[in-house]
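**Student:** Input structure: model-v9.cif, which contains mmCIF, C-alpha atoms.
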data_start
#
loop_
_atom_site.label_atom_id
_atom_site.label_comp_id
_atom_site.auth_asym_id
_atom_site.auth_seq_id
_atom_site.Cartn_x
_atom_site.Cartn_y
_atom_site.Cartn_z
CA MET A 61 -28.34 -61.53 -19.40
CA SER A 62 -28.50 -59.11 -16.51
CA THR A 63 -25.26 -57.92 -14.86
CA SER A 64 -26.89 -56.53 -11.76
CA THR A 65 -25.44 -59.35 -9.67
CA ASP A 66 -21.87 -58.40 -10.70
CA ARG A 67 -21.92 -54.65 -9.78
CA GLY A 68 -23.71 -52.45 -7.37
CA VAL A 69 -27.01 -51.18 -8.75
CA ASP A 70 -28.15 -47.66 -7.89
CA ARG A 71 -31.61 -47.57 -6.37
CA PRO A 72 -33.88 -44.58 -6.00
CA GLY A 73 -32.88 -44.29 -2.37
CA GLY A 74 -29.26 -43.75 -3.36
CA GLU A 75 -28.08 -47.10 -1.90
CA GLY A 76 -26.06 -49.60 -3.90
CA HIS A 77 -25.92 -53.36 -3.38
CA ALA A 78 -22.99 -55.49 -4.40
CA ALA A 79 -23.08 -59.01 -5.69
CA HIS A 80 -24.34 -61.70 -3.37
CA GLY A 81 -26.11 -59.09 -1.22
CA GLU A 82 -22.97 -57.36 0.04
CA HIS A 83 -23.63 -53.76 1.15
CA VAL A 84 -21.66 -50.96 -0.59
CA ALA A 85 -20.79 -47.91 1.49
CA SER A 86 -23.00 -44.97 0.66
CA SER A 87 -20.39 -42.33 1.59
CA PRO A 88 -16.59 -41.94 1.62
CA GLU A 89 -16.66 -41.67 5.42
CA GLN A 90 -18.28 -45.12 5.68
CA ALA A 91 -15.78 -46.55 3.23
CA ALA A 92 -12.86 -45.17 5.22
CA GLY A 93 -14.19 -46.45 8.50
CA PRO A 94 -15.49 -44.63 11.60
CA VAL A 95 -14.32 -41.07 12.20
CA VAL A 96 -11.92 -40.68 15.11
CA HIS A 97 -13.15 -37.72 17.14
CA THR A 98 -10.82 -35.25 18.86
CA PRO A 99 -10.80 -35.82 22.61
CA TRP A 100 -12.94 -33.31 24.49
CA ALA A 101 -10.03 -32.08 26.59
CA ARG A 102 -7.94 -31.31 23.53
CA ALA A 103 -10.79 -29.58 21.70
CA LEU A 104 -11.56 -27.34 24.67
CA ALA A 105 -7.85 -26.62 25.25
CA LEU A 106 -7.46 -25.53 21.62
CA ALA A 107 -10.44 -23.19 21.96
CA VAL A 108 -9.01 -21.63 25.11
CA GLY A 109 -5.58 -21.34 23.50
CA ALA A 110 -6.98 -19.63 20.41
CA ALA A 111 -8.87 -17.14 22.58
CA ALA A 112 -5.70 -16.49 24.59
CA ILE A 113 -3.77 -15.76 21.38
CA VAL A 114 -6.40 -13.19 20.38
CA VAL A 115 -6.11 -11.53 23.79
CA VAL A 116 -2.31 -11.40 23.54
CA ILE A 117 -2.45 -9.85 20.06
CA LEU A 118 -5.04 -7.32 21.20
CA LEU A 119 -2.97 -6.31 24.21
CA ALA A 120 0.22 -6.12 22.15
CA PHE A 121 -1.28 -3.62 19.74
CA LEU A 122 -3.48 -1.60 22.12
CA TRP A 123 -1.33 -1.46 25.24
CA PRO A 124 1.28 1.04 23.93
CA THR A 125 -1.45 3.43 22.77
CA VAL A 126 -3.77 3.13 25.77
CA THR A 127 -0.98 3.50 28.34
CA SER A 128 0.96 6.25 26.56
CA THR A 129 1.23 9.64 28.28
CA VAL A 130 2.74 12.98 27.36
CA LYS A 131 6.10 12.92 29.13
CA ASP A 132 9.72 13.85 28.58
CA LEU A 133 9.04 15.49 25.22
CA PRO A 134 12.40 17.06 24.31
CA ILE A 135 12.03 20.78 23.59
CA GLY A 136 14.42 23.71 23.63
CA ILE A 137 14.03 27.21 25.06
CA ALA A 138 16.06 30.20 23.92
CA GLY A 139 15.92 33.78 25.19
CA PRO A 140 16.71 35.99 28.19
CA SER A 141 17.49 33.90 31.26
CA ALA A 142 14.73 35.46 33.36
CA GLN A 143 12.10 34.69 30.75
CA VAL A 144 13.48 31.18 30.21
CA SER A 145 13.22 30.42 33.95
CA ALA A 146 9.67 31.82 34.08
CA VAL A 147 8.54 29.71 31.09
CA GLU A 148 10.18 26.57 32.48
CA LYS A 149 8.29 27.08 35.73
CA GLN A 150 5.08 27.71 33.83
CA LEU A 151 5.49 24.51 31.79
CA ASP A 152 6.22 22.44 34.89
CA GLN A 153 3.16 23.83 36.69
CA ALA A 154 0.92 23.18 33.70
CA ALA A 155 2.12 19.62 33.09
CA SER A 156 4.80 18.29 35.41
CA GLY A 157 7.15 15.89 33.64
CA ALA A 158 5.65 16.50 30.22
CA PHE A 159 8.74 18.20 28.82
CA ALA A 160 12.47 17.60 28.91
CA VAL A 161 13.79 21.13 28.46
CA THR A 162 17.14 22.06 26.95
CA THR A 163 18.35 25.65 27.16
CA LEU A 164 19.62 26.97 23.84
CA SER A 165 21.54 30.11 22.98
CA ASP A 166 19.35 31.62 20.28
CA ARG A 167 16.82 30.94 17.53
CA GLN A 168 19.37 29.52 15.10
CA ALA A 169 20.61 27.08 17.71
CA ALA A 170 17.00 26.02 18.25
CA VAL A 171 16.49 25.43 14.52
CA ASP A 172 19.70 23.39 14.33
CA ALA A 173 18.66 21.27 17.31
CA ILE A 174 15.28 20.55 15.70
CA GLU A 175 16.83 19.61 12.37
CA LYS A 176 19.18 17.22 14.16
CA ARG A 177 16.24 15.82 16.17
CA ASP A 178 17.98 16.69 19.43
CA VAL A 179 14.71 18.40 20.34
CA TYR A 180 11.24 18.06 18.80
CA GLY A 181 10.41 21.76 19.04
CA ALA A 182 11.54 24.99 20.67
CA ILE A 183 10.32 28.17 22.33
CA VAL A 184 12.10 31.38 21.37
CA LEU A 185 11.49 34.21 23.86
CA GLY A 186 12.13 37.93 23.69
CA ASP A 187 10.31 40.87 22.14
CA SER A 188 8.77 38.61 19.47
CA PRO A 189 8.04 35.23 21.10
CA GLU A 190 7.90 32.27 18.75
CA VAL A 191 7.28 28.54 18.96
CA LEU A 192 9.20 26.39 16.49
CA THR A 193 7.60 23.10 15.52
CA ALA A 194 8.44 20.24 13.15
CA SER A 195 5.30 18.59 11.81
CA ALA A 196 7.52 15.84 10.36
CA ASN A 197 7.84 14.56 13.95
CA GLY A 198 4.18 13.62 13.91
CA ALA A 199 0.77 15.07 14.60
CA ALA A 200 0.92 14.42 18.35
CA VAL A 201 4.02 16.60 18.80
CA THR A 202 2.64 19.38 16.61
CA GLN A 203 -0.63 19.46 18.55
CA ILE A 204 1.16 19.69 21.89
CA LEU A 205 3.44 22.51 20.74
CA ASN A 206 0.49 24.43 19.29
CA GLN A 207 -1.18 24.17 22.70
CA VAL A 208 2.02 25.45 24.31
CA ALA A 209 2.00 28.44 21.94
CA GLY A 210 -1.62 29.20 22.84
CA ASN A 211 -0.94 28.94 26.56
CA LEU A 212 2.11 31.18 26.29
CA GLN A 213 0.14 33.77 24.38
CA THR A 214 -2.67 33.75 26.94
CA ALA A 215 -0.21 34.04 29.84
CA ALA A 216 1.82 36.81 28.16
CA ASN A 217 -1.28 38.90 27.46
CA ALA A 218 -2.55 38.38 31.00
CA GLN A 219 0.80 39.52 32.40
CA ALA A 220 0.84 42.55 30.09
CA GLN A 221 -2.65 43.51 31.17
CA ALA A 222 -1.74 43.10 34.84
CA ALA A 223 1.30 45.31 34.35
CA VAL A 224 -0.83 48.04 32.78
CA GLN A 225 -3.35 47.87 35.62
CA GLN A 226 -0.54 48.25 38.15
CA ALA A 227 0.83 51.22 36.24
CA ILE A 228 -2.61 52.86 36.21
CA ALA A 229 -3.05 52.23 39.92
CA ALA A 230 0.36 53.74 40.64
CA GLY A 231 -0.44 56.78 38.53
CA HIS A 232 2.23 55.98 35.97
CA ALA A 233 -0.31 55.51 33.16
CA PRO A 234 -3.58 57.26 32.38
CA ALA A 235 -6.85 55.49 33.00
CA GLY A 236 -8.11 53.48 30.08
CA THR A 237 -4.64 52.53 28.88
CA LYS A 238 -4.75 49.18 27.10
CA ALA A 239 -2.00 46.62 27.12
CA PRO A 240 -0.45 45.76 23.75
CA THR A 241 -1.64 42.49 22.27
CA ILE A 242 1.12 39.88 22.27
CA THR A 243 1.01 37.24 19.55
CA VAL A 244 3.13 34.11 19.77
CA LYS A 245 4.16 33.14 16.27
CA VAL A 246 4.24 29.44 15.32
CA THR A 247 6.74 28.39 12.66
CA ASP A 248 6.95 24.90 11.18
CA VAL A 249 10.71 24.42 10.74
CA VAL A 250 10.50 20.92 9.21
CA PRO A 251 7.10 20.63 7.51
CA LEU A 252 5.62 17.48 6.06
CA ALA A 253 5.50 17.03 2.32
CA SER A 254 2.30 18.14 0.60
CA THR A 255 1.83 14.55 -0.60
CA ASP A 256 1.58 13.39 3.04
CA SER A 257 0.42 16.57 4.74
CA ARG A 258 -0.97 14.80 7.83
CA GLY A 259 1.95 12.43 8.24
CA LEU A 260 -0.26 9.37 8.19
CA GLY A 261 1.52 7.59 5.36
CA LEU A 262 4.84 7.02 7.12
CA ALA A 263 3.16 5.65 10.25
CA ALA A 264 0.69 3.51 8.29
CA SER A 265 3.41 1.98 6.11
CA SER A 266 5.31 0.63 9.10
CA PHE A 267 3.16 -2.43 9.79
CA PRO A 268 2.85 -3.62 6.14
CA LEU A 269 6.62 -3.36 5.88
CA VAL A 270 7.05 -5.53 8.99
CA LEU A 271 4.37 -7.99 7.90
CA GLY A 272 5.90 -8.25 4.44
CA GLY A 273 9.32 -9.03 5.84
CA MET A 274 7.90 -11.69 8.13
CA LEU A 275 5.83 -13.35 5.40
CA GLY A 276 8.85 -13.39 3.12
CA GLY A 277 10.85 -15.18 5.79
CA VAL A 278 8.07 -17.68 6.45
CA LEU A 279 7.58 -18.52 2.76
CA ILE A 280 11.31 -18.94 2.13
CA SER A 281 11.62 -21.11 5.24
CA LEU A 282 8.82 -23.42 4.14
CA LEU A 283 9.24 -23.51 0.37
CA VAL A 284 12.99 -23.21 -0.27
CA ALA A 285 15.28 -26.14 0.56
CA GLY A 286 19.00 -25.66 1.03
CA SER A 287 20.72 -23.14 3.27
CA TRP A 288 22.62 -21.31 0.53
CA ARG A 289 19.51 -21.15 -1.62
CA ARG A 290 17.57 -19.70 1.29
CA LEU A 291 20.23 -17.08 1.91
CA SER A 292 20.24 -16.14 -1.78
CA ALA A 293 16.44 -15.98 -1.81
CA VAL A 294 16.38 -13.70 1.25
CA ALA A 295 19.00 -11.42 -0.30
CA LEU A 296 17.10 -11.18 -3.59
CA TYR A 297 13.87 -10.63 -1.67
CA GLY A 298 15.44 -7.71 0.19
CA VAL A 299 16.76 -6.11 -2.99
CA ILE A 300 13.55 -6.43 -5.00
CA GLY A 301 11.36 -5.57 -2.02
CA GLY A 302 13.41 -2.48 -1.19
CA LEU A 303 13.30 -1.15 -4.73
CA ALA A 304 9.59 -1.88 -5.16
CA VAL A 305 8.35 -0.66 -1.77
CA ALA A 306 10.46 2.50 -1.87
CA GLY A 307 9.23 3.11 -5.40
CA ILE A 308 5.63 2.92 -4.23
CA LEU A 309 6.10 4.96 -1.05
CA GLN A 310 8.20 7.65 -2.73
CA GLY A 311 7.51 7.62 -6.44
CA TRP A 312 3.80 6.84 -6.30
CA PHE A 313 2.41 8.14 -3.02
CA GLY A 314 5.11 10.67 -2.14
CA ILE A 315 5.33 9.45 1.46
CA LEU A 316 9.11 9.17 1.52
CA GLN A 317 11.32 12.13 0.66
CA GLY A 318 15.01 12.55 -0.04
CA ASP A 319 17.21 10.25 -2.09
CA TYR A 320 15.30 7.30 -3.56
CA TRP A 321 18.29 4.94 -3.60
CA VAL A 322 19.13 5.53 0.05
CA ASN A 323 15.47 5.02 0.99
CA ALA A 324 15.38 1.82 -1.08
CA LEU A 325 18.49 0.61 0.73
CA ALA A 326 16.89 1.30 4.11
CA VAL A 327 13.62 -0.44 3.18
CA GLY A 328 15.44 -3.38 1.62
CA LEU A 329 17.71 -3.79 4.64
CA ALA A 330 14.69 -3.77 6.96
CA MET A 331 12.90 -6.43 4.91
CA PHE A 332 16.10 -8.48 4.63
CA ALA A 333 16.72 -8.24 8.38
CA ILE A 334 13.23 -9.49 9.28
CA ALA A 335 13.18 -12.26 6.67
CA ALA A 336 16.73 -13.37 7.49
CA PHE A 337 15.93 -13.51 11.20
CA VAL A 338 12.86 -15.69 10.60
CA VAL A 339 14.77 -18.03 8.27
CA GLY A 340 17.73 -18.14 10.66
CA MET A 341 15.52 -19.07 13.61
CA ASN A 342 13.89 -21.76 11.50
CA ALA A 343 17.31 -23.13 10.59
CA LEU A 344 18.26 -23.33 14.27
CA PHE A 345 15.02 -24.42 15.93
CA GLY A 346 12.76 -25.71 13.18
CA ARG A 347 9.13 -24.59 12.96
CA VAL A 348 9.34 -23.19 16.49
CA GLY A 349 11.92 -20.74 15.17
CA ILE A 350 9.37 -19.29 12.74
CA ALA A 351 7.07 -18.59 15.69
CA ILE A 352 9.95 -16.95 17.58
CA GLY A 353 10.67 -14.67 14.64
CA ALA A 354 7.02 -13.74 14.22
CA VAL A 355 6.48 -13.01 17.91
CA LEU A 356 9.59 -10.84 18.30
CA THR A 357 8.87 -8.94 15.11
CA VAL A 358 5.09 -8.50 15.08
CA LEU A 359 4.00 -8.81 18.71
CA VAL A 360 7.00 -7.14 20.37
CA GLY A 361 8.88 -4.97 17.91
CA ASN A 362 5.96 -3.48 16.00
CA PRO A 363 3.87 -2.24 18.98
CA LEU A 364 7.00 -0.66 20.49
CA SER A 365 8.13 0.97 17.23
CA ALA A 366 6.66 4.40 18.14
CA ALA A 367 5.62 4.85 14.53
CA ALA A 368 2.64 7.07 15.40
CA GLN A 369 3.86 8.82 18.55
CA PRO A 370 7.12 9.88 20.20
CA LEU A 371 8.98 7.01 21.81
CA GLN A 372 9.14 9.01 25.06
CA PHE A 373 5.37 8.63 25.47
CA LEU A 374 5.52 4.85 25.91
CA VAL A 375 5.47 3.47 29.44
CA GLY A 376 8.82 3.14 31.18
CA PRO A 377 11.82 2.26 29.04
CA TRP A 378 9.77 0.47 26.36
CA GLY A 379 10.03 3.30 23.85
CA ALA A 380 13.82 3.16 23.94
CA ILE A 381 13.77 -0.64 23.92
CA GLY A 382 11.55 -0.60 20.83
CA GLN A 383 14.30 1.21 18.90
CA TRP A 384 16.47 -1.91 19.23
CA PHE A 385 14.01 -3.89 17.09
CA VAL A 386 13.68 -3.74 13.32
CA PRO A 387 10.25 -1.99 13.23
CA GLY A 388 11.33 0.87 15.50
CA ALA A 389 14.72 1.30 13.86
CA SER A 390 13.30 1.24 10.34
CA VAL A 391 10.55 3.81 10.92
CA THR A 392 13.00 6.13 12.70
CA LEU A 393 15.54 5.73 9.91
CA LEU A 394 13.02 6.42 7.15
CA ARG A 395 11.74 9.51 8.99
CA ASP A 396 15.28 10.79 9.41
CA LEU A 397 16.20 10.14 5.79
CA SER A 398 13.04 11.83 4.54
CA TYR A 399 12.87 14.91 6.77
CA PHE A 400 15.88 15.13 9.09
CA PRO A 401 19.01 14.56 6.97
CA SER A 402 21.09 16.39 9.60
CA ALA A 403 20.11 13.89 12.30
CA ASP A 404 22.54 11.18 13.38
CA ALA A 405 21.08 8.01 11.82
CA LEU A 406 23.96 5.69 12.70
CA PHE A 407 22.09 3.85 15.45
CA PRO A 408 19.09 2.66 13.36
CA TRP A 409 21.45 1.58 10.56
CA LEU A 410 23.43 -0.50 13.05
CA VAL A 411 20.28 -2.03 14.52
CA LEU A 412 19.10 -3.19 11.09
CA LEU A 413 22.54 -4.55 10.25
CA GLY A 414 22.66 -6.33 13.61
CA TRP A 415 19.38 -8.17 13.08
CA ALA A 416 20.41 -9.04 9.53
CA ALA A 417 23.68 -10.46 10.85
CA ILE A 418 21.84 -12.52 13.49
CA GLY A 419 19.67 -14.01 10.75
CA VAL A 420 22.59 -14.85 8.47
CA VAL A 421 24.57 -16.38 11.34
CA GLY A 422 21.53 -18.45 12.28
CA MET A 423 21.18 -19.76 8.73
CA LEU A 424 24.87 -20.65 8.50
CA ALA A 425 24.96 -22.22 11.97
CA GLY A 426 21.96 -24.39 11.13
CA HIS A 427 23.57 -25.37 7.83
CA PHE A 428 26.89 -26.53 9.32
CA ARG A 429 25.15 -28.24 12.24
CA ASP A 430 23.01 -30.27 9.84
CA GLN A 431 26.11 -31.18 7.85
CA GLU A 432 27.84 -32.47 10.97
CA VAL A 433 24.76 -34.54 11.89
CA THR A 434 24.64 -36.01 8.38
CA VAL A 435 28.33 -36.92 8.45
CA ALA A 436 28.00 -38.46 11.93
CA ALA A 437 25.00 -40.52 10.83
CA ALA A 438 26.88 -41.79 7.78
#
Could the structure of this file be written out as structure tokens, please?
**Tutor:**
Amino acid sequence: MSTSTDRGVDRPGGEGHAAHGEHVASSPEQAAGPVVHTPWARALALAVGAAAIVVVILLAFLWPTVTSTVKDLPIGIAGPSAQVSAVEKQLDQAASGAFAVTTLSDRQAAVDAIEKRDVYGAIVLGDSPEVLTASANGAAVTQILNQVAGNLQTAANAQAQAAVQQAIAAGHAPAGTKAPTITVKVTDVVPLASTDSRGLGLAASSFPLVLGGMLGGVLISLLVAGSWRRLSAVALYGVIGGLAVAGILQGWFGILQGDYWVNALAVGLAMFAIAAFVVGMNALFGRVGIAIGAVLTVLVGNPLSAAAQPLQFLVGPWGAIGQWFVPGASVTLLRDLSYFPSADALFPWLVLLGWAAIGVVGMLAGHFRDQEVTVAAA
């Protein structure tokens, strides 16, 4: 006896027929009913919003670079007062506002100021003029100071030649007398390590460090339940991340220099601060808090970090403001620890600790608030 009347029978056309002629849906969509389409207004608004987000991200990352200018670069000048005044005037005529000049007593004072990062370079005048640079400050600073050395050498030789011509004209020197060639020596006081000779590694590692801290905070916010468990997870994440990332940057690639454990502490604190801030904002404001943490860290703090150029080059006060965020403080701290151990690194340490504290306070505040709500509801 045939059972075709009890079950749907597949036909060559792919259609099935149920018992008593009932039609069986040929697709899951038909079985689930008609598809509810997104309203046109909402679909178009989402498209416009997505495009706007792309524009904001593009502007956030390109604006600091496109609008940056050479200004207020801190340099020192040491030498006879007359020569110092002449060089200051020459620098101002060549590029007004490009340099913030500090007068120093001698060459050793200039070296000390560079090592403390009070100035980014120095000009030492006298019988043997010299330009002191610190390539660890970045390629942009080194290039500018090399140009300064070239301009000083050209101007000094031109002045020497003019003096000889005047002496010949006044009869104080025989015809054909040539001026001595003046060479401006360039000395790199704080050179980059051979393992990162162009200084690209430290700048390039800034964004992955920021992104890693943010992703850690997002994952812990979404996947870990319980405030104390989240706090413990963030702390462990900072410890493991600091040891691992510092190990890669210093032990593998040779980007970081100095004491490994101090560098690991700095990296771990930066990752902890970002992750804790994201988790803390989530504890206070829910999913909106994650967006707040991401925006402040990636779209505000990272573009203003001055990882690839001096903070003075950014428009207005934004370079200084960027040092109050984790990305700017962390890259400055790691540069100081690696190449400028004499520099005062208290401020970036405090900034990282401050953001970490904000995150922890946010987590705890959200925890006790939820407890009060639970008790009130009971």
**Student:** What's the separation between atom CA of A:Ala336 and atom CA of A:Gly277, in Å to one decimal place?
**Tutor:** 6.4 Å
**Student:** With distances taken over all atoms listed in the file, which of A:Ala343, A:Met274, A:Gly382, A:Ala101 is nearest to A:Pro370?
**Tutor:** A:Gly382
**Student:** To one decimal in Å, tell me the separation between atom CA of A:Ala295 and atom CA of A:Leu279.
**Tutor:** 13.8 Å
**Student:** Give as a list of chain:residue names the residues that the PyMOL selection byres ((chain A and resi 293) around 10) matches when applied to the coordinates above.
**Tutor:**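 Taken over the shown coordinates, the PyMOL selection byres ((chain A and resi 293) around 10) returns A:Gly276, A:Gly277, A:Ile280, A:Ser281, A:Val284, A:Ser287, A:Trp288, A:Arg289, A:Arg290, A:Leu291, A:Ser292, A:Val294, A:Ala295, A:Leu296, A:Tyr297, A:Gly298, A:Val299, A:Phe332, A:Ala335, A:Ala336.
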**Student:** Is there a way to get, as a list in words, all residues within 7 Å of the point (17.4, -14.8, 11.5) in file coordinates, counting all atoms listed in the file?
**Tutor:**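 Here is the list of nearby residues: Ala335, Ala336, Phe337, Val338, Val339, Gly340, Met341, Ala416, Ile418, Gly419, Val420, Gly422 and Met423 of chain A.
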**Student:** To one decimal place in Å, what is the distance between atom CA of A:Gly109 and atom CA of A:Val355?
**Tutor:**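 Atom CA of A:Val355 lies at a distance of 15.7 Å from atom CA of A:Gly109.
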